[in-house]
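Structure file entry-v1.pdb; described as PDB, N, CA and C atoms.
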```pdb
ATOM      1  N   SER O   1       0.835  -1.187   0.000
ATOM      2  CA  SER O   1       0.000   0.000   0.000
ATOM      3  C   SER O   1       0.879   1.249   0.000
ATOM      4  N   ILE O   2       0.325   2.339  -0.465
ATOM      5  CA  ILE O   2       1.034   3.615  -0.507
ATOM      6  C   ILE O   2       0.338   4.582   0.436
ATOM      7  N   THR O   3       1.134   5.247   1.268
ATOM      8  CA  THR O   3       0.609   6.274   2.164
ATOM      9  C   THR O   3       1.281   7.588   1.806
ATOM     10  N   GLU O   4       0.501   8.607   1.564
ATOM     11  CA  GLU O   4       1.046   9.930   1.292
ATOM     12  C   GLU O   4       0.865  10.802   2.518
ATOM     13  N   LEU O   5       1.943  11.495   2.900
ATOM     14  CA  LEU O   5       1.891  12.425   4.016
ATOM     15  C   LEU O   5       1.997  13.838   3.452
ATOM     16  N   PRO O   6       1.043  14.703   3.760
ATOM     17  CA  PRO O   6       1.050  16.041   3.159
ATOM     18  C   PRO O   6       2.155  16.931   3.732
ATOM     19  N   VAL O   7       2.729  17.771   2.879
ATOM     20  CA  VAL O   7       3.643  18.813   3.322
ATOM     21  C   VAL O   7       2.751  19.975   3.728
ATOM     22  N   THR O   8       2.918  20.455   4.962
ATOM     23  CA  THR O   8       1.907  21.316   5.567
ATOM     24  C   THR O   8       2.158  22.818   5.456
ATOM     25  N   TYR O   9       3.012  23.256   4.574
ATOM     26  CA  TYR O   9       3.148  24.698   4.365
ATOM     27  C   TYR O   9       2.837  25.004   2.902
ATOM     28  N   SER O  10       2.556  26.262   2.623
ATOM     29  CA  SER O  10       2.123  26.615   1.267
ATOM     30  C   SER O  10       3.297  26.666   0.297
ATOM     31  N   ASN O  11       2.980  26.576  -0.971
ATOM     32  CA  ASN O  11       3.951  26.679  -2.051
ATOM     33  C   ASN O  11       4.984  25.539  -2.032
ATOM     34  N   ALA O  12       4.600  24.369  -1.543
ATOM     35  CA  ALA O  12       5.527  23.252  -1.393
ATOM     36  C   ALA O  12       5.794  22.539  -2.709
ATOM     37  N   ALA O  13       7.050  22.163  -2.918
ATOM     38  CA  ALA O  13       7.463  21.355  -4.064
ATOM     39  C   ALA O  13       8.664  20.514  -3.634
ATOM     40  N   PRO O  14       8.425  19.482  -2.804
ATOM     41  CA  PRO O  14       9.546  18.658  -2.320
ATOM     42  C   PRO O  14      10.347  18.075  -3.470
ATOM     43  N   ASN O  15      11.657  18.013  -3.276
ATOM     44  CA  ASN O  15      12.552  17.557  -4.328
ATOM     45  C   ASN O  15      13.356  16.359  -3.831
ATOM     46  N   GLY O  16      14.590  16.549  -3.419
ATOM     47  CA  GLY O  16      15.413  15.447  -2.927
ATOM     48  C   GLY O  16      14.951  14.989  -1.559
ATOM     49  N   ILE O  17      15.214  13.734  -1.224
ATOM     50  CA  ILE O  17      14.834  13.201   0.084
ATOM     51  C   ILE O  17      15.882  12.202   0.541
ATOM     52  N   THR O  18      16.164  12.202   1.844
ATOM     53  CA  THR O  18      17.114  11.260   2.421
ATOM     54  C   THR O  18      16.716  10.953   3.850
ATOM     55  N   THR O  19      17.163   9.842   4.355
ATOM     56  CA  THR O  19      16.960   9.500   5.766
ATOM     57  C   THR O  19      18.094  10.119   6.562
ATOM     58  N   GLY O  20      17.743  10.841   7.622
ATOM     59  CA  GLY O  20      18.758  11.446   8.467
ATOM     60  C   GLY O  20      19.215  10.504   9.564
ATOM     61  N   PRO O  21      20.299  10.845  10.239
ATOM     62  CA  PRO O  21      20.793  10.023  11.327
ATOM     63  C   PRO O  21      19.826   9.955  12.510
ATOM     64  N   ASP O  22      18.855  10.872  12.538
ATOM     65  CA  ASP O  22      17.839  10.888  13.584
ATOM     66  C   ASP O  22      16.637  10.014  13.238
ATOM     67  N   GLY O  23      16.675   9.336  12.069
ATOM     68  CA  GLY O  23      15.575   8.465  11.647
ATOM     69  C   GLY O  23      14.463   9.181  10.912
ATOM     70  N   ALA O  24      14.521  10.515  10.849
ATOM     71  CA  ALA O  24      13.498  11.282  10.142
ATOM     72  C   ALA O  24      13.849  11.357   8.654
ATOM     73  N   LEU O  25      12.867  11.732   7.846
ATOM     74  CA  LEU O  25      13.066  11.957   6.428
ATOM     75  C   LEU O  25      13.306  13.449   6.214
ATOM     76  N   TRP O  26      14.385  13.776   5.572
ATOM     77  CA  TRP O  26      14.741  15.164   5.294
ATOM     78  C   TRP O  26      14.624  15.393   3.799
ATOM     79  N   PHE O  27      14.127  16.562   3.393
ATOM     80  CA  PHE O  27      13.963  16.836   1.974
ATOM     81  C   PHE O  27      14.215  18.302   1.674
ATOM     82  N   THR O  28      14.536  18.573   0.428
ATOM     83  CA  THR O  28      14.678  19.954  -0.018
ATOM     84  C   THR O  28      13.381  20.376  -0.699
ATOM     85  N   ASP O  29      13.120  21.646  -0.670
ATOM     86  CA  ASP O  29      11.938  22.195  -1.337
ATOM     87  C   ASP O  29      12.382  23.374  -2.176
ATOM     88  N   ILE O  30      12.449  23.166  -3.479
ATOM     89  CA  ILE O  30      13.018  24.181  -4.362
ATOM     90  C   ILE O  30      12.114  25.388  -4.586
ATOM     91  N   THR O  31      10.810  25.233  -4.405
ATOM     92  CA  THR O  31       9.895  26.355  -4.609
ATOM     93  C   THR O  31       9.810  27.239  -3.366
ATOM     94  N   ALA O  32       9.664  26.638  -2.215
ATOM     95  CA  ALA O  32       9.527  27.405  -0.974
ATOM     96  C   ALA O  32      10.872  27.772  -0.362
ATOM     97  N   GLU O  33      12.002  27.289  -0.956
ATOM     98  CA  GLU O  33      13.350  27.548  -0.457
ATOM     99  C   GLU O  33      13.482  27.167   1.012
ATOM    100  N   ARG O  34      13.153  25.887   1.287
ATOM    101  CA  ARG O  34      13.184  25.375   2.647
ATOM    102  C   ARG O  34      13.771  23.963   2.651
ATOM    103  N   ILE O  35      14.235  23.559   3.822
ATOM    104  CA  ILE O  35      14.592  22.170   4.086
ATOM    105  C   ILE O  35      13.509  21.645   5.021
ATOM    106  N   GLY O  36      12.917  20.527   4.682
ATOM    107  CA  GLY O  36      11.860  19.950   5.503
ATOM    108  C   GLY O  36      12.344  18.716   6.246
ATOM    109  N   ARG O  37      11.754  18.463   7.397
ATOM    110  CA  ARG O  37      12.030  17.280   8.201
ATOM    111  C   ARG O  37      10.689  16.655   8.569
ATOM    112  N   MET O  38      10.504  15.380   8.204
ATOM    113  CA  MET O  38       9.256  14.695   8.506
ATOM    114  C   MET O  38       9.573  13.385   9.227
ATOM    115  N   THR O  39       8.924  13.177  10.364
ATOM    116  CA  THR O  39       9.095  11.924  11.071
ATOM    117  C   THR O  39       8.250  10.851  10.398
ATOM    118  N   THR O  40       8.514   9.603  10.703
ATOM    119  CA  THR O  40       7.744   8.524  10.099
ATOM    120  C   THR O  40       6.295   8.532  10.555
ATOM    121  N   SER O  41       5.965   9.261  11.631
ATOM    122  CA  SER O  41       4.572   9.384  12.063
ATOM    123  C   SER O  41       3.866  10.570  11.394
ATOM    124  N   GLY O  42       4.610  11.376  10.603
ATOM    125  CA  GLY O  42       3.993  12.474   9.869
ATOM    126  C   GLY O  42       4.186  13.848  10.461
ATOM    127  N   SER O  43       4.846  13.969  11.610
ATOM    128  CA  SER O  43       5.119  15.281  12.196
ATOM    129  C   SER O  43       6.163  15.997  11.341
ATOM    130  N   MET O  44       5.896  17.268  11.002
ATOM    131  CA  MET O  44       6.783  17.972  10.095
ATOM    132  C   MET O  44       7.233  19.323  10.607
ATOM    133  N   THR O  45       8.488  19.648  10.331
ATOM    134  CA  THR O  45       9.035  20.977  10.567
ATOM    135  C   THR O  45       9.800  21.373   9.310
ATOM    136  N   SER O  46      10.029  22.663   9.120
ATOM    137  CA  SER O  46      10.817  23.109   7.976
ATOM    138  C   SER O  46      11.670  24.303   8.378
ATOM    139  N   PHE O  47      12.734  24.501   7.611
ATOM    140  CA  PHE O  47      13.720  25.528   7.914
ATOM    141  C   PHE O  47      14.055  26.291   6.641
ATOM    142  N   PRO O  48      14.082  27.629   6.708
ATOM    143  CA  PRO O  48      14.435  28.403   5.514
ATOM    144  C   PRO O  48      15.927  28.263   5.213
ATOM    145  N   VAL O  49      16.278  28.318   3.937
ATOM    146  CA  VAL O  49      17.683  28.302   3.533
ATOM    147  C   VAL O  49      17.940  29.454   2.574
ATOM    148  N   LEU O  50      19.164  29.920   2.554
ATOM    149  CA  LEU O  50      19.535  31.033   1.684
ATOM    150  C   LEU O  50      20.461  30.505   0.602
ATOM    151  N   THR O  51      19.904  29.865  -0.381
ATOM    152  CA  THR O  51      20.682  29.337  -1.501
ATOM    153  C   THR O  51      19.803  29.363  -2.748
ATOM    154  N   SER O  52      20.406  29.160  -3.864
ATOM    155  CA  SER O  52      19.617  29.187  -5.095
ATOM    156  C   SER O  52      18.975  27.843  -5.363
ATOM    157  N   GLU O  53      18.120  27.799  -6.355
ATOM    158  CA  GLU O  53      17.361  26.585  -6.671
ATOM    159  C   GLU O  53      18.244  25.459  -7.211
ATOM    160  N   GLY O  54      17.662  24.286  -7.284
ATOM    161  CA  GLY O  54      18.324  23.145  -7.873
ATOM    162  C   GLY O  54      19.082  22.276  -6.892
ATOM    163  N   TRP O  55      18.630  22.179  -5.684
ATOM    164  CA  TRP O  55      19.381  21.452  -4.678
ATOM    165  C   TRP O  55      18.888  20.053  -4.425
ATOM    166  N   ASP O  56      19.778  19.298  -3.800
ATOM    167  CA  ASP O  56      19.487  17.947  -3.356
ATOM    168  C   ASP O  56      20.053  17.822  -1.942
ATOM    169  N   ILE O  57      19.764  16.722  -1.263
ATOM    170  CA  ILE O  57      20.213  16.533   0.107
ATOM    171  C   ILE O  57      20.670  15.095   0.298
ATOM    172  N   VAL O  58      21.741  14.905   1.066
ATOM    173  CA  VAL O  58      22.275  13.568   1.336
ATOM    174  C   VAL O  58      22.718  13.480   2.789
ATOM    175  N   SER O  59      22.758  12.256   3.307
ATOM    176  CA  SER O  59      23.348  11.988   4.620
ATOM    177  C   SER O  59      24.838  11.798   4.415
ATOM    178  N   GLY O  60      25.639  12.521   5.172
ATOM    179  CA  GLY O  60      27.088  12.421   5.033
ATOM    180  C   GLY O  60      27.691  11.393   5.980
ATOM    181  N   PRO O  61      28.909  10.966   5.721
ATOM    182  CA  PRO O  61      29.584   9.989   6.579
ATOM    183  C   PRO O  61      29.914  10.537   7.968
ATOM    184  N   ASP O  62      29.800  11.872   8.120
ATOM    185  CA  ASP O  62      30.070  12.505   9.411
ATOM    186  C   ASP O  62      28.836  12.587  10.299
ATOM    187  N   GLY O  63      27.686  12.027   9.853
ATOM    188  CA  GLY O  63      26.457  12.060  10.642
ATOM    189  C   GLY O  63      25.640  13.319  10.438
ATOM    190  N   ASN O  64      26.067  14.205   9.559
ATOM    191  CA  ASN O  64      25.334  15.426   9.253
ATOM    192  C   ASN O  64      24.617  15.273   7.917
ATOM    193  N   LEU O  65      23.732  16.203   7.623
ATOM    194  CA  LEU O  65      23.048  16.248   6.332
ATOM    195  C   LEU O  65      23.672  17.366   5.517
ATOM    196  N   TRP O  66      23.901  17.091   4.240
ATOM    197  CA  TRP O  66      24.515  18.064   3.345
ATOM    198  C   TRP O  66      23.576  18.344   2.178
ATOM    199  N   PHE O  67      23.450  19.615   1.815
ATOM    200  CA  PHE O  67      22.630  19.968   0.666
ATOM    201  C   PHE O  67      23.406  20.958  -0.186
ATOM    202  N   GLY O  68      23.131  20.939  -1.484
ATOM    203  CA  GLY O  68      23.854  21.821  -2.386
ATOM    204  C   GLY O  68      22.929  22.458  -3.383
ATOM    205  N   GLY O  69      23.290  23.647  -3.802
ATOM    206  CA  GLY O  69      22.552  24.373  -4.818
ATOM    207  C   GLY O  69      23.491  24.814  -5.913
ATOM    208  N   LEU O  70      23.049  25.749  -6.719
ATOM    209  CA  LEU O  70      23.873  26.213  -7.823
ATOM    210  C   LEU O  70      25.049  27.057  -7.347
ATOM    211  N   ASP O  71      24.933  27.682  -6.180
ATOM    212  CA  ASP O  71      26.002  28.571  -5.739
ATOM    213  C   ASP O  71      26.480  28.344  -4.313
ATOM    214  N   SER O  72      26.063  27.230  -3.685
ATOM    215  CA  SER O  72      26.503  26.999  -2.304
ATOM    216  C   SER O  72      26.284  25.556  -1.881
ATOM    217  N   VAL O  73      26.919  25.207  -0.769
ATOM    218  CA  VAL O  73      26.747  23.916  -0.117
ATOM    219  C   VAL O  73      26.415  24.212   1.334
ATOM    220  N   GLY O  74      25.435  23.502   1.891
ATOM    221  CA  GLY O  74      25.056  23.721   3.282
ATOM    222  C   GLY O  74      25.128  22.444   4.085
ATOM    223  N   ARG O  75      25.251  22.590   5.393
ATOM    224  CA  ARG O  75      25.315  21.460   6.311
ATOM    225  C   ARG O  75      24.267  21.621   7.399
ATOM    226  N   ILE O  76      23.595  20.538   7.726
ATOM    227  CA  ILE O  76      22.644  20.521   8.833
ATOM    228  C   ILE O  76      23.176  19.552   9.869
ATOM    229  N   VAL O  77      23.276  19.986  11.102
ATOM    230  CA  VAL O  77      23.709  19.141  12.200
ATOM    231  C   VAL O  77      22.452  18.775  12.990
ATOM    232  N   PRO O  78      21.920  17.543  12.783
ATOM    233  CA  PRO O  78      20.659  17.178  13.459
ATOM    234  C   PRO O  78      20.814  17.024  14.966
TER
END
```

Render the structure in this file as structure tokens.
Amino acid sequence: SITELPVTYSNAAPNGITTGPDGALWFTDITAERIGRMTTSGSMTSFPVLTSEGWDIVSGPDGNLWFGGLDSVGRIVP
């Protein structure tokens, strides 16, 4: 079965997604210029970022999350 969990802020366009070291799902949102965090139960938070469009997000070997855009690279320490 497929379960869809809604992104709860306006202008959402989730793009890349990865599992974080905290067990939550982290994603980039290229339209709203935010990084989102969703738990497996559906609880969601988001954080604004100051970078240009076209980003993706990955879990790094250092236990942090890394995201990149056309003109920058960012790190999230969960």

Report as a compact mmCIF listing (two decimals) with N, CA and C atoms, keeping the file's coordinate frame the residues that result from applying the PyMOL selection byres ((chain O and resi 37) around 7) to the structure here.
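Heads up, here's the output in result_8.txt:
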```txt
# COMPACT_ATOMS: atom_id res chain seq x y z
N ALA O 24 14.52 10.52 10.85
CA ALA O 24 13.50 11.28 10.14
C ALA O 24 13.85 11.36 8.65
N LEU O 25 12.87 11.73 7.85
CA LEU O 25 13.07 11.96 6.43
C LEU O 25 13.31 13.45 6.21
N TRP O 26 14.38 13.78 5.57
CA TRP O 26 14.74 15.16 5.29
C TRP O 26 14.62 15.39 3.80
N PHE O 27 14.13 16.56 3.39
CA PHE O 27 13.96 16.84 1.97
C PHE O 27 14.22 18.30 1.67
N ILE O 35 14.24 23.56 3.82
CA ILE O 35 14.59 22.17 4.09
C ILE O 35 13.51 21.64 5.02
N GLY O 36 12.92 20.53 4.68
CA GLY O 36 11.86 19.95 5.50
C GLY O 36 12.34 18.72 6.25
N MET O 38 10.50 15.38 8.20
CA MET O 38 9.26 14.70 8.51
C MET O 38 9.57 13.38 9.23
N THR O 39 8.92 13.18 10.36
CA THR O 39 9.10 11.92 11.07
C THR O 39 8.25 10.85 10.40
N SER O 43 4.85 13.97 11.61
CA SER O 43 5.12 15.28 12.20
C SER O 43 6.16 16.00 11.34
N MET O 44 5.90 17.27 11.00
CA MET O 44 6.78 17.97 10.10
C MET O 44 7.23 19.32 10.61
N THR O 45 8.49 19.65 10.33
CA THR O 45 9.04 20.98 10.57
C THR O 45 9.80 21.37 9.31
N SER O 46 10.03 22.66 9.12
CA SER O 46 10.82 23.11 7.98
C SER O 46 11.67 24.30 8.38
N PHE O 47 12.73 24.50 7.61
CA PHE O 47 13.72 25.53 7.91
C PHE O 47 14.06 26.29 6.64
```

List as a list in words: which residues have an atom within 7 Å of (24.4, 17.6, 5.8), counting only N, CA and C atoms? Val58, Ser59, Gly60, Gly63, Asn64, Leu65, Trp66, Phe67, Gly74, Arg75, Ile76 and Val77 of chain O

Write the residues of the preceding selection, restricted to N, CA and C atoms, as a PDB file, keeping the file's coordinate frame.
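Contents of out24.pdb, as written:
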```pdb
ATOM      1  N   VAL O  58      21.741  14.905   1.066  1.00  0.00           N
ATOM      2  CA  VAL O  58      22.275  13.568   1.336  1.00  0.00           C
ATOM      3  C   VAL O  58      22.718  13.480   2.789  1.00  0.00           C
ATOM      4  N   SER O  59      22.758  12.256   3.307  1.00  0.00           N
ATOM      5  CA  SER O  59      23.348  11.988   4.620  1.00  0.00           C
ATOM      6  C   SER O  59      24.838  11.798   4.415  1.00  0.00           C
ATOM      7  N   GLY O  60      25.639  12.521   5.172  1.00  0.00           N
ATOM      8  CA  GLY O  60      27.088  12.421   5.033  1.00  0.00           C
ATOM      9  C   GLY O  60      27.691  11.393   5.980  1.00  0.00           C
ATOM     10  N   GLY O  63      27.686  12.027   9.853  1.00  0.00           N
ATOM     11  CA  GLY O  63      26.457  12.060  10.642  1.00  0.00           C
ATOM     12  C   GLY O  63      25.640  13.319  10.438  1.00  0.00           C
ATOM     13  N   ASN O  64      26.067  14.205   9.559  1.00  0.00           N
ATOM     14  CA  ASN O  64      25.334  15.426   9.253  1.00  0.00           C
ATOM     15  C   ASN O  64      24.617  15.273   7.917  1.00  0.00           C
ATOM     16  N   LEU O  65      23.732  16.203   7.623  1.00  0.00           N
ATOM     17  CA  LEU O  65      23.048  16.248   6.332  1.00  0.00           C
ATOM     18  C   LEU O  65      23.672  17.366   5.517  1.00  0.00           C
ATOM     19  N   TRP O  66      23.901  17.091   4.240  1.00  0.00           N
ATOM     20  CA  TRP O  66      24.515  18.064   3.345  1.00  0.00           C
ATOM     21  C   TRP O  66      23.576  18.344   2.178  1.00  0.00           C
ATOM     22  N   PHE O  67      23.450  19.615   1.815  1.00  0.00           N
ATOM     23  CA  PHE O  67      22.630  19.968   0.666  1.00  0.00           C
ATOM     24  C   PHE O  67      23.406  20.958  -0.186  1.00  0.00           C
ATOM     25  N   GLY O  74      25.435  23.502   1.891  1.00  0.00           N
ATOM     26  CA  GLY O  74      25.056  23.721   3.282  1.00  0.00           C
ATOM     27  C   GLY O  74      25.128  22.444   4.085  1.00  0.00           C
ATOM     28  N   ARG O  75      25.251  22.590   5.393  1.00  0.00           N
ATOM     29  CA  ARG O  75      25.315  21.460   6.311  1.00  0.00           C
ATOM     30  C   ARG O  75      24.267  21.621   7.399  1.00  0.00           C
ATOM     31  N   ILE O  76      23.595  20.538   7.726  1.00  0.00           N
ATOM     32  CA  ILE O  76      22.644  20.521   8.833  1.00  0.00           C
ATOM     33  C   ILE O  76      23.176  19.552   9.869  1.00  0.00           C
ATOM     34  N   VAL O  77      23.276  19.986  11.102  1.00  0.00           N
ATOM     35  CA  VAL O  77      23.709  19.141  12.200  1.00  0.00           C
ATOM     36  C   VAL O  77      22.452  18.775  12.990  1.00  0.00           C
TER      37      VAL O  77
END
```

Would you pick out the contacts of Asp29 (chain O) at 7 Å or less, using only C-alpha atoms, so that residues sharing its chain but fewer than 6 positions from it are not included, and give the list as number ranges by chain? O: 12-15, 35

I need the chosen residues saved as a short mmCIF file (atom, residue, chain, number, x, y, z; two decimals), in the coordinates of the input, with N, CA and C atoms.
```cif
data_model
loop_
_atom_site.label_atom_id
_atom_site.label_comp_id
_atom_site.auth_asym_id
_atom_site.auth_seq_id
_atom_site.Cartn_x
_atom_site.Cartn_y
_atom_site.Cartn_z
N ALA O 12 4.60 24.37 -1.54
CA ALA O 12 5.53 23.25 -1.39
C ALA O 12 5.79 22.54 -2.71
N ALA O 13 7.05 22.16 -2.92
CA ALA O 13 7.46 21.36 -4.06
C ALA O 13 8.66 20.51 -3.63
N PRO O 14 8.43 19.48 -2.80
CA PRO O 14 9.55 18.66 -2.32
C PRO O 14 10.35 18.08 -3.47
N ASN O 15 11.66 18.01 -3.28
CA ASN O 15 12.55 17.56 -4.33
C ASN O 15 13.36 16.36 -3.83
N ILE O 35 14.24 23.56 3.82
CA ILE O 35 14.59 22.17 4.09
C ILE O 35 13.51 21.64 5.02
#
```

CA of Asp56 (chain O) to atom N of Gly16 (chain O) measures 5.1 Å

Of the listed residues O:Asn11, O:Pro78, O:Glu4, O:Ile57, that which approaches Thr28 (chain O) most closely, counting all atoms listed in the file: O:Ile57

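Coordinates place atom N of Tyr9 (chain O) at a distance of 16.2 Å from atom C of Thr40 (chain O).
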
CA of Asp22 (chain O) sits from atom N of Ser10 (chain O) at a separation of 24.3 Å

Test item, strand (DSSP E) assignment across region 22-74 of chain O, answer as a VMD selection string: chain O and resid 25 to 29 34 to 38 44 to 48 56 to 59 65 to 68 73 to 74

Take the point (14.7, 27.3, 1.6) as written in the file and pick out every residue within 7 Å of it, counting only N, CA and C atoms; give the list as number ranges by chain. O: 29-35, 47-51
